[in-house]
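K.L.:
Input file: run.csv. Contents: CSV, C-alpha atoms.
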chain,number,residue,atom,x,y,z
T,231,MET,CA,-14.9,144.4,-30.7
T,232,ASN,CA,-14.2,146.6,-27.7
T,233,ILE,CA,-13.3,145.4,-24.2
T,234,PHE,CA,-15.8,147.1,-22.0
T,235,HIS,CA,-14.7,149.6,-19.4
T,236,CYS,CA,-16.5,152.2,-17.3
T,237,PRO,CA,-17.6,154.9,-17.7
T,238,GLU,CA,-17.0,154.9,-21.5
T,239,HIS,CA,-19.1,151.8,-22.2
T,240,ALA,CA,-21.7,152.3,-19.5
T,241,LYS,CA,-24.5,152.8,-22.0
T,242,GLU,CA,-23.7,149.5,-23.8
T,243,ILE,CA,-23.3,147.6,-20.5
T,244,LYS,CA,-26.7,148.9,-19.4
T,245,GLU,CA,-28.3,147.7,-22.6
T,246,ILE,CA,-26.8,144.2,-22.2
T,247,LEU,CA,-28.0,143.9,-18.6
T,248,GLU,CA,-31.5,145.0,-19.5
T,249,GLN,CA,-31.5,141.9,-21.8
T,250,SER,CA,-29.9,139.5,-19.4
T,251,GLU,CA,-30.9,136.8,-17.0
T,252,LEU,CA,-28.9,136.0,-13.9
T,253,THR,CA,-28.3,132.3,-13.5
T,254,THR,CA,-26.2,132.0,-10.4
T,255,LEU,CA,-29.0,130.1,-8.6
T,256,ILE,CA,-29.1,127.3,-11.2
T,257,ARG,CA,-27.3,124.8,-9.2
T,258,PRO,CA,-28.2,122.2,-6.5
T,259,ASN,CA,-26.7,123.7,-3.4
T,260,VAL,CA,-28.6,127.0,-3.1
T,261,LEU,CA,-28.8,128.6,0.3
T,262,GLU,CA,-30.9,131.5,1.6
T,263,ARG,CA,-27.9,133.8,1.4
T,264,ASP,CA,-27.4,132.8,-2.2
T,265,ILE,CA,-31.0,134.0,-3.0
T,266,GLU,CA,-30.4,137.2,-1.2
T,267,LYS,CA,-27.2,137.9,-3.1
T,268,ALA,CA,-28.7,137.1,-6.5
T,269,VAL,CA,-31.6,139.5,-5.8
T,270,SER,CA,-29.1,142.1,-4.6
T,271,ASP,CA,-26.9,141.7,-7.6
T,272,ALA,CA,-29.9,142.0,-10.0
T,273,MET,CA,-31.1,145.2,-8.3
T,274,ARG,CA,-27.6,146.6,-8.1
T,275,TYR,CA,-26.8,146.2,-11.8
T,276,GLY,CA,-30.2,146.4,-13.3
T,277,ILE,CA,-30.4,142.9,-14.6
T,278,ARG,CA,-33.6,142.0,-16.4
T,279,SER,CA,-34.5,138.8,-14.6
T,280,VAL,CA,-33.3,136.1,-12.1
T,281,ALA,CA,-33.6,132.4,-12.9
T,282,ALA,CA,-34.2,129.8,-10.3
T,283,LEU,CA,-35.1,126.2,-10.0
T,284,PRO,CA,-38.6,125.3,-8.8
T,285,PRO,CA,-37.7,124.9,-5.0
T,286,GLN,CA,-36.3,128.4,-4.9
T,287,ALA,CA,-38.5,130.2,-7.5
T,288,GLU,CA,-41.2,131.2,-5.0
T,289,LYS,CA,-38.7,132.9,-2.6
T,290,VAL,CA,-37.0,134.6,-5.5
T,291,CYS,CA,-40.3,135.9,-6.9
T,292,GLU,CA,-41.3,137.2,-3.4
T,293,ALA,CA,-38.0,138.9,-3.0
T,294,LEU,CA,-38.2,140.6,-6.4
T,295,ALA,CA,-41.8,141.8,-5.9
T,296,GLY,CA,-42.2,145.5,-6.7
T,297,THR,CA,-38.6,145.8,-8.2
T,298,GLY,CA,-39.6,145.4,-11.9
T,299,ILE,CA,-37.1,142.5,-12.2
T,300,ARG,CA,-38.6,139.3,-13.6
T,301,THR,CA,-38.4,135.8,-12.2
T,302,THR,CA,-37.8,132.8,-14.5
T,303,CYS,CA,-38.3,129.2,-13.3
T,304,VAL,CA,-36.0,126.7,-15.1
T,305,TYR,CA,-38.3,123.7,-14.8
T,306,ASP,CA,-38.3,119.9,-14.9
T,307,MET,CA,-34.6,119.1,-15.4
T,308,LEU,CA,-35.3,115.6,-16.7
T,309,SER,CA,-38.7,116.5,-18.4
T,310,GLY,CA,-40.8,113.8,-16.9
T,311,ALA,CA,-38.1,111.1,-16.6
T,312,ILE,CA,-38.3,111.3,-12.8
T,313,SER,CA,-41.3,113.6,-12.0
T,314,ARG,CA,-45.0,112.8,-12.3
T,315,PRO,CA,-46.8,115.0,-14.8
T,316,GLU,CA,-49.6,115.8,-12.2
T,317,ALA,CA,-47.0,117.0,-9.7
T,318,THR,CA,-45.3,119.2,-12.3
T,319,THR,CA,-48.6,120.7,-13.4
T,320,HIS,CA,-49.6,121.5,-9.8
T,321,SER,CA,-46.2,123.2,-9.2
T,322,VAL,CA,-46.3,125.2,-12.5
T,323,MET,CA,-49.8,126.5,-11.7
T,324,LYS,CA,-48.8,127.5,-8.2
T,325,LEU,CA,-45.7,129.3,-9.3
T,326,ALA,CA,-47.5,131.1,-12.2
T,327,GLU,CA,-50.2,132.3,-9.8
T,328,LEU,CA,-47.6,133.5,-7.3
T,329,GLY,CA,-46.1,135.7,-10.0
T,330,VAL,CA,-43.2,133.8,-11.7
T,331,ASP,CA,-43.0,135.4,-15.1
T,332,GLU,CA,-41.3,132.8,-17.3
T,333,PHE,CA,-41.0,129.1,-17.4
T,334,ASP,CA,-38.2,127.3,-19.3
T,335,PHE,CA,-39.0,123.7,-20.1
T,336,MET,CA,-36.5,121.2,-21.3
T,337,ILE,CA,-37.3,119.0,-24.3
T,338,SER,CA,-39.1,115.8,-23.3
T,339,LEU,CA,-36.4,113.2,-23.2
T,340,PRO,CA,-38.9,110.2,-22.8
T,341,GLU,CA,-40.9,111.3,-25.9
T,342,LEU,CA,-37.7,112.1,-27.8
T,343,ALA,CA,-36.2,108.7,-27.0
T,344,ALA,CA,-39.4,107.0,-28.2
T,345,GLY,CA,-39.2,109.0,-31.5
T,346,ASN,CA,-42.5,110.6,-30.7
T,347,TYR,CA,-42.0,114.1,-32.0
T,348,GLU,CA,-45.7,115.0,-31.8
T,349,GLY,CA,-45.3,114.0,-28.1
T,350,VAL,CA,-42.4,116.5,-27.8
T,351,ALA,CA,-44.7,119.3,-29.1
T,352,ALA,CA,-47.6,118.1,-26.9
T,353,HIS,CA,-45.3,118.2,-23.8
T,354,TRP,CA,-44.4,121.8,-24.4
T,355,LYS,CA,-48.0,122.8,-25.4
T,356,GLN,CA,-49.4,121.4,-22.2
T,357,TYR,CA,-47.4,123.7,-20.1
T,358,ALA,CA,-47.6,126.6,-22.5
T,359,ASP,CA,-51.4,126.5,-22.3
T,360,LEU,CA,-51.1,126.5,-18.4
T,361,VAL,CA,-48.8,129.5,-18.1
T,362,HIS,CA,-50.5,131.5,-21.0
T,363,ALA,CA,-53.8,131.2,-19.2
T,364,ARG,CA,-52.1,133.0,-16.3
T,365,GLY,CA,-50.4,135.7,-18.3
T,366,ARG,CA,-47.0,134.1,-18.2
T,367,LYS,CA,-44.5,132.9,-20.8
T,368,LEU,CA,-43.0,129.5,-21.8
T,369,PHE,CA,-39.6,128.9,-23.4
T,370,ALA,CA,-38.8,125.5,-24.9
T,371,THR,CA,-35.3,124.4,-24.0
T,372,LEU,CA,-33.6,122.5,-26.8
T,373,GLU,CA,-30.4,121.1,-25.2
T,374,LYS,CA,-28.8,121.9,-28.5
T,375,GLY,CA,-25.4,120.3,-27.7
T,376,PHE,CA,-26.9,116.9,-28.3
T,377,PHE,CA,-28.2,117.6,-31.7
T,378,ASP,CA,-27.1,118.7,-35.2
T,379,ASP,CA,-28.5,121.7,-37.1
T,380,ALA,CA,-31.3,119.6,-38.8
T,381,ALA,CA,-32.6,118.4,-35.5
T,382,VAL,CA,-32.4,121.8,-33.9
T,383,THR,CA,-34.3,123.2,-36.9
T,384,ALA,CA,-37.0,120.5,-36.4
T,385,PHE,CA,-37.3,121.2,-32.7
T,386,CYS,CA,-37.7,124.9,-33.3
T,387,GLY,CA,-40.7,124.0,-35.5
T,388,LEU,CA,-42.1,121.8,-32.7
T,389,ALA,CA,-41.7,124.6,-30.2
T,390,ALA,CA,-43.5,127.0,-32.6
T,391,LYS,CA,-46.3,124.4,-33.0
T,392,ALA,CA,-46.6,124.1,-29.3
T,393,GLY,CA,-47.2,127.8,-28.9
T,394,ALA,CA,-44.0,128.5,-27.0
T,395,ASP,CA,-42.9,132.1,-26.7
T,396,GLY,CA,-39.4,131.3,-27.6
T,397,VAL,CA,-36.6,128.8,-27.2
T,398,ARG,CA,-33.7,128.4,-24.7
T,399,THR,CA,-30.6,127.0,-26.2
T,400,VAL,CA,-29.4,124.9,-23.2
T,401,THR,CA,-30.7,124.3,-19.7
T,402,GLY,CA,-27.4,124.9,-18.1
T,403,CYS,CA,-27.9,122.7,-15.1
T,404,GLN,CA,-25.3,120.0,-15.5
T,405,ASP,CA,-24.3,120.0,-11.9
T,406,LEU,CA,-27.9,119.0,-10.9
T,407,SER,CA,-29.0,116.7,-13.7
T,408,GLY,CA,-25.7,115.4,-15.1
T,409,ILE,CA,-26.9,116.5,-18.5
T,410,ASN,CA,-24.5,118.5,-20.5
T,411,GLY,CA,-26.3,120.2,-23.3
T,412,GLY,CA,-23.2,122.1,-24.4
T,413,ARG,CA,-22.4,125.8,-24.5
T,414,VAL,CA,-24.2,128.4,-26.5
T,415,THR,CA,-22.5,129.6,-29.6
T,416,ILE,CA,-23.1,132.4,-32.1
T,417,HIS,CA,-23.9,129.7,-34.7
T,418,ASP,CA,-26.7,128.4,-32.5
T,419,VAL,CA,-28.3,131.8,-32.0
T,420,CYS,CA,-28.0,132.6,-35.7
T,421,LEU,CA,-29.6,129.3,-36.7
T,422,MET,CA,-32.5,129.5,-34.3
T,423,ARG,CA,-33.2,133.1,-35.1
T,424,LYS,CA,-33.3,132.2,-38.8
T,425,VAL,CA,-35.7,129.3,-38.5
T,426,LEU,CA,-38.1,130.6,-35.8
T,427,PRO,CA,-41.0,132.9,-36.5
T,428,GLU,CA,-40.4,136.6,-35.7
T,429,ASN,CA,-42.7,136.5,-32.7
T,430,MET,CA,-40.6,133.9,-30.9
T,431,ASP,CA,-37.5,134.9,-29.0
T,432,VAL,CA,-34.1,133.1,-28.5
T,433,LYS,CA,-32.6,132.9,-25.0
T,434,ALA,CA,-28.8,132.4,-25.2
T,435,SER,CA,-27.9,130.1,-22.4
T,436,GLY,CA,-25.4,127.4,-21.5
T,437,GLY,CA,-21.8,127.9,-20.4
T,438,THR,CA,-22.7,131.3,-18.9
T,439,ASP,CA,-20.5,130.8,-15.9
T,440,TYR,CA,-17.7,131.6,-18.3
T,441,MET,CA,-19.4,134.4,-20.3
T,442,TYR,CA,-18.1,137.9,-20.2
T,443,LEU,CA,-20.0,141.0,-21.2
T,444,GLU,CA,-18.4,141.0,-24.6
T,445,ASP,CA,-19.7,137.5,-25.2
T,446,ALA,CA,-23.2,138.6,-24.2
T,447,HIS,CA,-22.9,141.6,-26.5
T,448,ALA,CA,-22.0,139.4,-29.5
T,449,LEU,CA,-24.9,137.0,-28.9
T,450,LEU,CA,-27.4,139.8,-28.6
T,451,ALA,CA,-26.1,141.3,-31.8
T,452,CYS,CA,-26.8,138.0,-33.6
T,453,GLY,CA,-30.4,138.0,-32.6
T,454,ALA,CA,-30.7,136.7,-29.1
T,455,ALA,CA,-33.5,138.4,-27.2
T,456,SER,CA,-31.8,137.7,-23.9
T,457,VAL,CA,-28.6,136.1,-22.6
T,458,ASP,CA,-27.7,134.3,-19.4
T,459,LEU,CA,-25.0,135.8,-17.2
T,460,GLY,CA,-23.3,134.2,-14.2
T,461,ASP,CA,-20.5,134.7,-11.7
T,462,CYS,CA,-17.9,135.6,-14.4
T,463,ALA,CA,-19.9,138.6,-15.6
T,464,LEU,CA,-20.6,139.7,-12.0
T,465,SER,CA,-16.9,139.7,-11.3
T,466,GLN,CA,-16.3,141.7,-14.4
T,467,LEU,CA,-18.9,144.3,-13.4
T,468,ALA,CA,-17.3,144.6,-10.0
T,469,ALA,CA,-13.8,144.9,-11.4
T,470,ILE,CA,-14.7,147.7,-13.8
T,471,GLY,CA,-16.7,149.5,-11.2
T,472,TYR,CA,-20.1,149.5,-13.0
T,473,GLU,CA,-23.2,150.6,-11.1
T,474,LYS,CA,-26.7,151.1,-12.3
T,475,GLU,CA,-27.7,154.7,-12.7
T,476,ALA,CA,-29.8,155.9,-9.8
Would you mind giving the structure from this file in structure tokens?
P.N.:
Amino acid sequence: MNIFHCPEHAKEIKEILEQSELTTLIRPNVLERDIEKAVSDAMRYGIRSVAALPPQAEKVCEALAGTGIRTTCVYDMLSGAISRPEATTHSVMKLAELGVDEFDFMISLPELAAGNYEGVAAHWKQYADLVHARGRKLFATLEKGFFDDAAVTAFCGLAAKAGADGVRTVTGCQDLSGINGGRVTIHDVCLMRKVLPENMDVKASGGTDYMYLEDAHALLACGAASVDLGDCALSQLAAIGYEKEA
């Protein structure tokens, strides 16, 4: 595998960024200037989408309006463990109507702890139906670091049954929730791509603060439809002097 440089690898870098999601806002201490920088970085480099938590998603969506860059809301960090379903439903409806493009929902920990796998699927389906009715997408987050391959395979089946548009490997919000779902691996992406229907995508996420462009390239080559990028990749882009074509 090549180490990416500019200008010789500009085409490959552009293709990676067009399949990437910027996750620098997925943390608890987000300020207004952080949102402005994330939007600026996405526009500067041509990154496909910017991910945000529910409190910041509206501002991100407004700032990206007309740019062609998508907004993703990484939602419900504890999946109902601390939030009321009616409050979550209201918030999802509002954000979908405002223009948030994608919603990433963590696996329902209460239903999982109770061994209610049908409840896991129903949790995802409830919100999938809400966002689909508004022309948006839902990705089911698996927190794969907690589970073996057999469980991940089963959860992919539940996500498909729920009508999700794809799966996200890991929430990637340990600083906020205290939940460490692990880091995405090539094995994870290959497994999920193998067991999911062709019409469902895999989002490679988790540990992306330490992910370089070369890592992203490898995950996309294994079948991921998109990959999360953070500060590490932004530093690399600046260091090699990459700029989006005008």
K.L.:
List the neighbours of Glu428 of chain T out to 12 Å using all atoms listed in the file; skip same-chain residues closer than 5 positions along the sequence, and give me the result as a PyMOL selection string.
P.N.:
chain T and resi 390+395-396+422-423+453-455
K.L.:
Could you list, as a list in words, every residue within 12 Å of Phe377 of chain T, counting all atoms listed in the file and ignoring same-chain residues fewer than 4 positions away?
P.N.:
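Within the cut-off, the hits are Ile337, Leu342, Leu372, Glu373, Ala381, Val382, Thr383, Ala384, Phe385, Thr399, Val400, Asn410, Gly411, Gly412 and Asp418 of chain T.
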K.L.:
T:Ile299, T:Cys291, T:Ile416, T:Ala358: which is nearest Arg274 of chain T, counting all atoms listed in the file?
P.N.:
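Ranking T:Ile299, T:Cys291, T:Ile416, T:Ala358 by distance to Arg274 of chain T, first place goes to T:Ile299.
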K.L.:
Considering only C-alpha atoms, state which residue in the set T:Ala317, T:Leu388, T:Val361, T:Val425 is at the smallest distance from Asn346 of chain T.
P.N.:
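The shortest atom-to-atom distance to Asn346 of chain T comes from T:Leu388.
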K.L.:
Taking all atoms listed in the file into account, which of T:Tyr357, T:Tyr347, T:Phe376, T:Phe333 comes nearest Val397 of chain T?
P.N.:
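For Val397 of chain T, the nearest of the given residues is T:Phe333.
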K.L.:
In file coordinates, which residues lie within 12 Å of (-28.8, 130.9, -7.9) using all atoms listed in the file, given as an NGL selection string?
P.N.:
:T and (251-272 or 279-287 or 289-290 or 301-304 or 402-403 or 439 or 459-461)
K.L.:
T:Pro237, T:Gly365, T:Gly276, T:Gly375: which is nearest Met323 of chain T, counting only C-alpha atoms?
P.N.:
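Nearest candidate to Met323 of chain T out of T:Pro237, T:Gly365, T:Gly276, T:Gly375: T:Gly365.
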K.L.:
Find the residue from T:His235, T:Lys424, T:Arg398, T:Lys391 that sits nearest to Tyr305 of chain T; use only C-alpha atoms when measuring.
P.N.:
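When distances to Tyr305 of chain T are compared using only C-alpha atoms, the smallest one comes from T:Arg398.
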K.L.:
Quick one: residues within 10 Å of Glu245 of chain T, all atoms listed in the file counted, chain neighbours fewer than 6 positions away excluded, as a PyMOL selection string?
P.N.:
chain T and resi 276-278+447+450
